[in-house]
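**Q** Questions regarding the structure given below will be posed in turn.
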Amino acid sequence: MKLYGFSRSSAAFRVRIAVNLKKLDCEHISISLPDGNQFSDDYTAINPQGRVPTLVDGDLVLFQSMAILEYLDERYPEPAFLPRDSAGRARVRGLANIVACDIHPLNNLEVLKFLGSELGQDRQAVDVTWYHHWIARGLRTIEAHLAGDHATGAFCHGDNPGLADICLVPQVFNAQRYKCDLAGYPRLMAVFEACMALEAFDRAQPSKQADA
Ligand SMILES: N[C@@H](CCC(=O)N[C@@H](CS)C(=O)NCC(=O)O)C(=O)O
């Protein structure tokens, strides 16, 4: 298996955690986003969108982190990323999608660059007003779900890490990198700490990657 990613890419970070949790052998190939290598001819030949991650498993070339996570979970079922019951699966997917669909796309590098270059916004407007707003909007929602539901355990859903945790942790790293205030999310941060105490999460963090 080969994972094309970048240390600070939170979507690639999700897949690194997943690969570690499933204990899979994986070669990590760095695509430097600051250097624009995601748009190189070599890379867009395998990922026409010019985004990371891309996972290559044998002859299969997989794109989009959420699709990759579901693929890994189906192909390598243990430990499971989703609970067995439909209600639980919907809850976990819902939490994961708050990150993957409602926070992350708004704060992606290409979007931040566009706000500056095409819409003329300065650094403060982009990195604070915009970035912090969407982080707070999403994390507040997750905190409400975690604090208000008995299904929350040591992790987002029960006492084992799953799809929601895999998405949440990299998003918290992004929030910390942009110096967002996380004091208002005690339940979410307790889950974050529980995840980071696990080797699979810890080893996947940006500063522990070869291209950090
Ligand atoms: N929805 C995609 C998002 C992928 C994505 O946006 N990746 C970012 C890094 S986290 C990227 O490659 N950005 C490159 C750029 O913005 O130029 C996924 O989950 O895989």
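Each chain of the structure tokens is named A, B, ... in the order shown, its residues numbered from 1; ligands are numbered from 1 in display order.
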For segment 42-52 of chain A, list every protein, DNA or RNA residue within 12 Å, evaluated using only C-alpha atoms, and leave out those in the same chain fewer than 4 positions away; present the list as a compact mmCIF listing (two decimals) with N, CA, C and O atoms, in the first residue's frame.
**A**
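around.txt written:
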```txt
# COMPACT_ATOMS: atom_id res chain seq x y z
N LEU A 3 0.59 5.51 0.42
CA LEU A 3 -0.26 6.66 0.73
C LEU A 3 0.46 7.93 0.29
O LEU A 3 1.54 8.26 0.81
N TYR A 4 -0.14 8.62 -0.65
CA TYR A 4 0.36 9.94 -1.05
C TYR A 4 -0.30 10.96 -0.13
O TYR A 4 -1.54 11.06 -0.07
N GLY A 5 0.52 11.70 0.62
CA GLY A 5 -0.05 12.64 1.57
C GLY A 5 0.93 13.74 1.87
O GLY A 5 1.93 13.92 1.16
N PHE A 6 0.63 14.47 2.92
CA PHE A 6 1.53 15.54 3.37
C PHE A 6 1.33 15.66 4.87
O PHE A 6 0.20 15.52 5.37
N SER A 7 2.43 15.95 5.58
CA SER A 7 2.37 15.95 7.05
C SER A 7 1.21 16.78 7.59
O SER A 7 0.47 16.33 8.46
N ARG A 8 1.06 18.01 7.09
CA ARG A 8 0.05 18.91 7.66
C ARG A 8 -1.32 18.77 7.00
O ARG A 8 -2.24 19.49 7.38
N SER A 9 -1.46 17.87 6.06
CA SER A 9 -2.79 17.65 5.47
C SER A 9 -3.66 16.87 6.44
O SER A 9 -3.35 15.75 6.81
N SER A 10 -4.78 17.47 6.83
CA SER A 10 -5.62 16.77 7.80
C SER A 10 -6.37 15.62 7.15
O SER A 10 -6.69 14.62 7.81
N ALA A 11 -6.65 15.72 5.85
CA ALA A 11 -7.33 14.61 5.18
C ALA A 11 -6.38 13.41 5.08
O ALA A 11 -6.80 12.25 5.27
N ALA A 12 -5.10 13.68 4.82
CA ALA A 12 -4.12 12.59 4.79
C ALA A 12 -3.89 12.03 6.20
O ALA A 12 -3.71 10.81 6.39
N PHE A 13 -3.93 12.92 7.18
CA PHE A 13 -3.77 12.52 8.59
C PHE A 13 -4.86 11.51 8.96
O PHE A 13 -4.61 10.50 9.64
N ARG A 14 -6.09 11.73 8.49
CA ARG A 14 -7.17 10.77 8.75
C ARG A 14 -6.76 9.37 8.28
O ARG A 14 -6.94 8.38 8.99
N VAL A 15 -6.22 9.33 7.07
CA VAL A 15 -5.89 8.02 6.50
C VAL A 15 -4.68 7.41 7.22
O VAL A 15 -4.61 6.20 7.43
N ARG A 16 -3.75 8.25 7.64
CA ARG A 16 -2.60 7.71 8.41
C ARG A 16 -3.09 7.05 9.69
O ARG A 16 -2.63 5.96 10.07
N HIS A 28 4.75 5.76 2.81
CA HIS A 28 4.23 7.14 2.77
C HIS A 28 5.02 7.95 1.76
O HIS A 28 6.24 8.03 1.83
N ILE A 29 4.32 8.54 0.83
CA ILE A 29 4.97 9.36 -0.20
C ILE A 29 4.50 10.80 -0.01
O ILE A 29 3.30 11.08 0.01
N SER A 30 5.47 11.70 0.16
CA SER A 30 5.14 13.09 0.46
C SER A 30 4.87 13.89 -0.81
O SER A 30 5.67 13.88 -1.75
N ILE A 31 3.75 14.58 -0.79
CA ILE A 31 3.41 15.54 -1.85
C ILE A 31 3.39 16.90 -1.17
O ILE A 31 2.45 17.20 -0.41
N SER A 32 4.40 17.70 -1.39
CA SER A 32 4.50 18.97 -0.66
C SER A 32 3.45 19.97 -1.17
O SER A 32 3.52 20.46 -2.30
N LEU A 33 2.50 20.28 -0.30
CA LEU A 33 1.44 21.23 -0.69
C LEU A 33 1.98 22.66 -0.79
O LEU A 33 1.64 23.38 -1.74
N GLY A 36 3.41 23.23 -4.00
CA GLY A 36 2.48 23.06 -5.13
C GLY A 36 2.62 21.74 -5.85
O GLY A 36 2.14 21.58 -6.99
N ASN A 37 3.26 20.75 -5.20
CA ASN A 37 3.50 19.48 -5.90
C ASN A 37 2.22 18.69 -6.17
O ASN A 37 2.22 17.76 -6.97
N GLN A 38 1.13 19.09 -5.50
CA GLN A 38 -0.16 18.42 -5.76
C GLN A 38 -0.66 18.68 -7.19
O GLN A 38 -1.51 17.98 -7.70
N VAL A 56 -2.93 3.97 -2.77
CA VAL A 56 -2.80 2.95 -3.81
C VAL A 56 -2.70 1.60 -3.11
O VAL A 56 -1.83 1.39 -2.26
N ASP A 59 -3.57 -2.64 -7.52
CA ASP A 59 -3.91 -1.95 -8.77
C ASP A 59 -4.92 -0.82 -8.54
O ASP A 59 -5.24 -0.08 -9.46
N LEU A 60 -5.42 -0.74 -7.33
CA LEU A 60 -6.48 0.24 -7.04
C LEU A 60 -5.90 1.60 -6.66
O LEU A 60 -5.01 1.67 -5.83
N VAL A 61 -6.44 2.65 -7.26
CA VAL A 61 -6.04 4.00 -6.88
C VAL A 61 -7.27 4.67 -6.26
O VAL A 61 -8.28 4.88 -6.94
N LEU A 62 -7.18 4.95 -4.97
CA LEU A 62 -8.34 5.45 -4.23
C LEU A 62 -8.15 6.92 -3.88
O LEU A 62 -7.07 7.32 -3.45
N PHE A 63 -9.20 7.70 -4.02
CA PHE A 63 -9.13 9.14 -3.73
C PHE A 63 -10.29 9.50 -2.81
O PHE A 63 -11.25 8.74 -2.68
N GLN A 64 -10.18 10.67 -2.19
CA GLN A 64 -11.12 11.19 -1.20
C GLN A 64 -11.01 10.38 0.11
O GLN A 64 -11.33 9.19 0.16
N SER A 65 -10.59 11.09 1.16
CA SER A 65 -10.29 10.39 2.41
C SER A 65 -11.47 9.60 2.98
O SER A 65 -11.29 8.50 3.50
N MET A 66 -12.70 10.14 2.87
CA MET A 66 -13.82 9.43 3.48
C MET A 66 -14.09 8.11 2.74
O MET A 66 -14.42 7.09 3.34
N ILE A 68 -11.77 6.47 1.19
CA ILE A 68 -10.64 5.60 1.54
C ILE A 68 -10.88 4.95 2.90
O ILE A 68 -10.64 3.75 3.09
N PRO A 105 -13.77 21.59 4.22
CA PRO A 105 -13.74 22.15 2.85
C PRO A 105 -13.63 23.68 2.84
O PRO A 105 -13.05 24.24 1.91
N ASN A 108 -9.79 24.68 3.55
CA ASN A 108 -8.75 24.04 2.76
C ASN A 108 -7.81 25.09 2.14
O ASN A 108 -8.23 26.21 1.85
N LEU A 109 -6.57 24.70 1.94
CA LEU A 109 -5.54 25.61 1.42
C LEU A 109 -5.99 26.36 0.15
O LEU A 109 -5.82 27.57 0.03
N GLU A 110 -6.59 25.61 -0.78
CA GLU A 110 -6.98 26.22 -2.05
C GLU A 110 -8.04 27.31 -1.82
O GLU A 110 -8.04 28.35 -2.48
```
**Q** Neighbours of segment 174-177 of chain A within 12 Å (only C-alpha atoms; same-chain residues fewer than 6 positions away dropped), as a ChimeraX atom specification?
**A** /A:7-11,13,99,103-104,107-109,127-128,131-139,167-168,183,189,192,205-207
**Q** Choose the residue, out of A:Ala144, A:Ala67, A:Leu72, A:Ala80, that has the smallest atom-to-atom separation from ligand 1; count only C-alpha atoms and all ligand atoms.
**A**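 Going through A:Ala144, A:Ala67, A:Leu72, A:Ala80 one by one, the smallest distance to ligand 1 is for A:Ala67.
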**Q** According to DSSP computed on the backbone, where in segment 45-137 of chain A is there alpha helix (DSSP H)? Give the residues as an NGL selection string.
**A** :A and (45-46 or 65-75 or 86-97 or 109-117 or 123-124 or 131-137)
**Q** Of the candidates A:Ala87, A:Leu106, A:Leu95, A:Ala125, which one gets nearest to ligand 1 if we count only C-alpha atoms and all ligand atoms?
**A** A:Leu106
**Q** Identify which of the residues A:Leu188, A:Met1, A:Ala194, A:Leu163 lies closest to Gly148 of chain A, counting only C-alpha atoms when measuring atom-to-atom distances.
**A** A:Leu188
**Q** Of the candidates A:Ile142, A:Asp211, A:Val92, A:Ile17, which shows the shortest atom-to-atom distance to Leu198 of chain A, using only C-alpha atoms?
**A**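 Among the listed residues, A:Ile17 lies closest to Leu198 of chain A.
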**Q** Excluding Arg84 of chain A and any residue of its chain fewer than 6 positions from it, enumerate the residues within 12 Å of it, using only C-alpha atoms, and give them as a list in words.
**A**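 The residues satisfying every condition are Pro77, Ala90, Arg91, Val92, His157, Gly158 and Gly162 of chain A.
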